[in-house]
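Before any comments, here is the structure.
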Amino acid sequence: MNPSSDNRSVSALFRVFGGADARGVADVREISPRAGMHAAEFRAFSILIPLTIFVAIADRLSSSCGAASWLLAVPLGFLALNILPFVFAVASQSVQWLLWSGMCLAWAIFHRHTGGVVGTFSYIWLAGAVMNLAAACILDWQAIMRLAGKSGIIVRLGIFISLHLAAIVLGYKFGWPFTLAAGAGIAALFCRAVLDPSCQWLGPVHRTTDKEKILITLDDGPNPKTTPVLLDLLDSHSTKAIFFMIGEKVRAHPELAREVIRRGHEIGNHTMTHPQAGFWALGPWRTRREIAECQQVIEAATGTRPRWFRAPVGHRNLFTHPIVSELGMFVMAWNRRGFDAVERDPKKVLARISPFLSSGDIVLLHEATPIAAEVLGAVLKKVSLLHDGFNNRGHSRSNYLD
């Protein structure tokens with residue numbers, strides 16, 4: 001899941017599933033970034049809480065007033081909505097809504113076995129509570145996966161070992177087929193987490209630029225034959241790119257890395273030796289060595305420290321994120337690729353990229369291939385056409401590095 005911006009929601013449910021909420025003009029003047037609420041959450045609470053109060057009052061009156069209870073509930077409900085804010089007054093709007101939601105949830109728990117409208121509203125609140133709990137678990141997991149350095153590595157190892165111990169306990173209690181099933185489930189989840197470049201389960205991954213810009217990234221350099229040609233192509237289209245470089249190649253050709261920086265581009269960390277077949281399964285010490293040594297080599301050659309990391313083939317491992325975070329970097333993937341590292345027909349590569357390009361895309365290309373210059377040139381022409389369209393619609397052509 002691609003993380004959204006702070007949507008200022010009160011509840012975990014809307015924090016996770018509410019999506020980004022655009023700030024109003026007046027919010028620009030607010031000192032606190034948490035001012036206000038998520039718009040969808042505000043509307044949901046504003047409708048559901050008053051209706052629940054009306055239903056609760058009508059249910060209370062039903063034993064003595066019969067059918068007339070629903071008519072009496074309307075004026076009494078409005079009276080309650082005017083009185084209760086004074087009874088349960090708090091300074092924070094967020095706490096206010098949480099307090100009212102808690103009251104409605106408590107009422108729902110005690111009336112969950114009631115039929116009709118009352119039972120329906122009770123289960124709406126109970127379903128919301130379950131979804132909020134699930135959302136809170138997601139937020140807690142995301143927080144755990146953001147732990148950097150040794151603490152992040154230890155926590156991940158603990159989770160990994162605990163899951164396998166739980167599978168063994170299942171087998172001991174219910175039989176070995178349960179252990180096999182649990183182990184297969186753990187393996188499937190692990191493979192999805194490390195082999196899918198866009199998967200966010202083990203930590204945040206940047207797949208889009210979130211701006212009216214298309215970002216071109218070039219992996220596996222520098223290369224004496226292709227890097228100068230690619231730099232000239234980028235200059236001819238006034239486009240800046242990120243070159244994800246391999247530490248060993250930077251050590252062999254430091255002048256190329258310096259030239260990339262001199263021309264205004266950015267260099268990203270692509271590991272020291274590019275162990276593409278096994279990086280996904282590396283332990284914490286080898287992972288640290290691959291990333292940290294590449295970082296040191298690039299800094300020594302260019303005087304700049306990379307702020308972006310990309311795993312070989314995009315296959316991160318269990319320990320990538322805490323090490324990358326400790327070194328002051330962020331993980332970047334992509335959302336457009338043409339498989340130019342294995343495909344030798346430029347038309348097939350471009351057919352996978354060009355028709356689908358749009359604002360905010362991150363394009364993955366490679367250096368050191370026979371078709372590198374031809375593919376980059378065609379992509380740059382397409383990007384220029386799209387950027388002209390953005391500008392004609394009144395969007396600025398801002399640099400992704402801002």
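In the structure tokens, each chain is lettered A, B, ... as it comes, each chain's residues begin at 1, and ligands are numbered from 1 in order of appearance.
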
As a PyMOL selection string, please: the residues near A:Leu380 (cut-off 9 Å, only C-alpha atoms, same-chain neighbours under 3 positions excluded).
chain A and resi 216+233-234+237+239+375-377+383-385

Residues near stretch 143-151 of chain A, cut-off 6 Å, only C-alpha atoms, skip fewer than 2 positions along chain, as a ChimeraX atom specification: /A:140-141,153-154,202-203,322-323,325-326

Computed gap from atom CA of A:Lys225 to atom CA of A:Val342 is 18.3 Å

message: Taking only C-alpha atoms into account, name the residue in A:Gly175, A:Thr114, A:Glu212, A:Met332 that is nearest to A:Phe243.
response: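 Closest to A:Phe243, using only C-alpha atoms: A:Met332.
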
(Q) Taking only stretch 298-358 of chain A into account, list the residues labelled helix (DSSP H, G or I) by DSSP (computed from the backbone), as an NGL selection string. (A) :A and (298-302 or 312-314 or 320-326 or 346-356)

Nearest to A:Ile353, restricted to only C-alpha atoms and choosing among A:Val250, A:Leu170, A:Ile214, A:Cys294, comes out as A:Ile214

Pick from A:Ala67, A:Val10, A:Val205, A:Leu318, whichever lies nearest to A:Phe45 using only C-alpha atoms
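Closest residue, counting only C-alpha atoms: A:Val10.
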
Between atom CA of A:Gly283 and atom CA of A:Leu163 lies a distance of 17.6 Å

Next on the checklist: For stretch 191-196 of chain A, find every residue with an atom within 7 Å (counting only C-alpha atoms), except residues of its own chain fewer than 3 positions away, and show them as a list in words.
Outcome noted: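 With the cut-off at 7 Å, the set is Ala187, Ala188, Cys199, Trp201, Leu202, Trp280, His315, Arg316 and Asn317 of chain A.
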
Restricting it to N, CA and C atoms, dump the selection as a compact mmCIF listing (two decimals), in the first residue's frame.
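out_13.txt, freshly written:
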# COMPACT_ATOMS: atom_id res chain seq x y z
N ALA A 187 5.70 -18.47 4.05
CA ALA A 187 6.57 -18.35 2.88
C ALA A 187 5.92 -17.50 1.79
N ALA A 188 4.61 -17.69 1.57
CA ALA A 188 3.92 -16.91 0.54
C ALA A 188 3.91 -15.43 0.87
N CYS A 199 5.57 -3.59 -3.02
CA CYS A 199 4.92 -3.98 -1.76
C CYS A 199 5.41 -3.12 -0.60
N TRP A 201 4.69 -3.76 2.70
CA TRP A 201 4.55 -4.48 3.96
C TRP A 201 5.77 -4.34 4.87
N LEU A 202 6.95 -4.27 4.30
CA LEU A 202 8.17 -4.20 5.11
C LEU A 202 8.70 -2.78 5.28
N TRP A 280 17.46 -10.75 -2.04
CA TRP A 280 16.20 -10.89 -1.30
C TRP A 280 16.35 -11.81 -0.08
N HIS A 315 14.14 -6.38 -5.51
CA HIS A 315 13.86 -7.41 -4.51
C HIS A 315 14.54 -7.06 -3.19
N ARG A 316 13.83 -6.38 -2.33
CA ARG A 316 14.36 -6.07 -1.01
C ARG A 316 14.33 -7.31 -0.12
N ASN A 317 15.05 -7.27 0.99
CA ASN A 317 14.98 -8.38 1.94
C ASN A 317 14.41 -7.89 3.27

Item to complete: Assign secondary structure with DSSP using the backbone only, and return the residues of stretch 26-225 of chain A in strand (DSSP E or B) as a list in words.
Response: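 Matching residues, listed in order: His206, Thr208, Leu215, Ile216, Thr217, Leu218, Asp219, Asp220 and Gly221 of chain A.
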
Residues near A:Arg289, cut-off 8 Å, only C-alpha atoms, skip fewer than 4 positions along chain, as a VMD selection string = chain A and resid 272 285 293

Nearest to A:Gln200 by atom-to-atom distance, counting only C-alpha atoms, from A:Val331, A:Ala181, A:Ile109, A:Leu13: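 The closest residue to A:Gln200 is A:Val331.
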
| Closest to A:Asp340 among A:His321, A:Phe356, A:Asp219, A:Leu256, using only C-alpha atoms? |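 The shortest atom-to-atom distance to A:Asp340 comes from A:Asp219.
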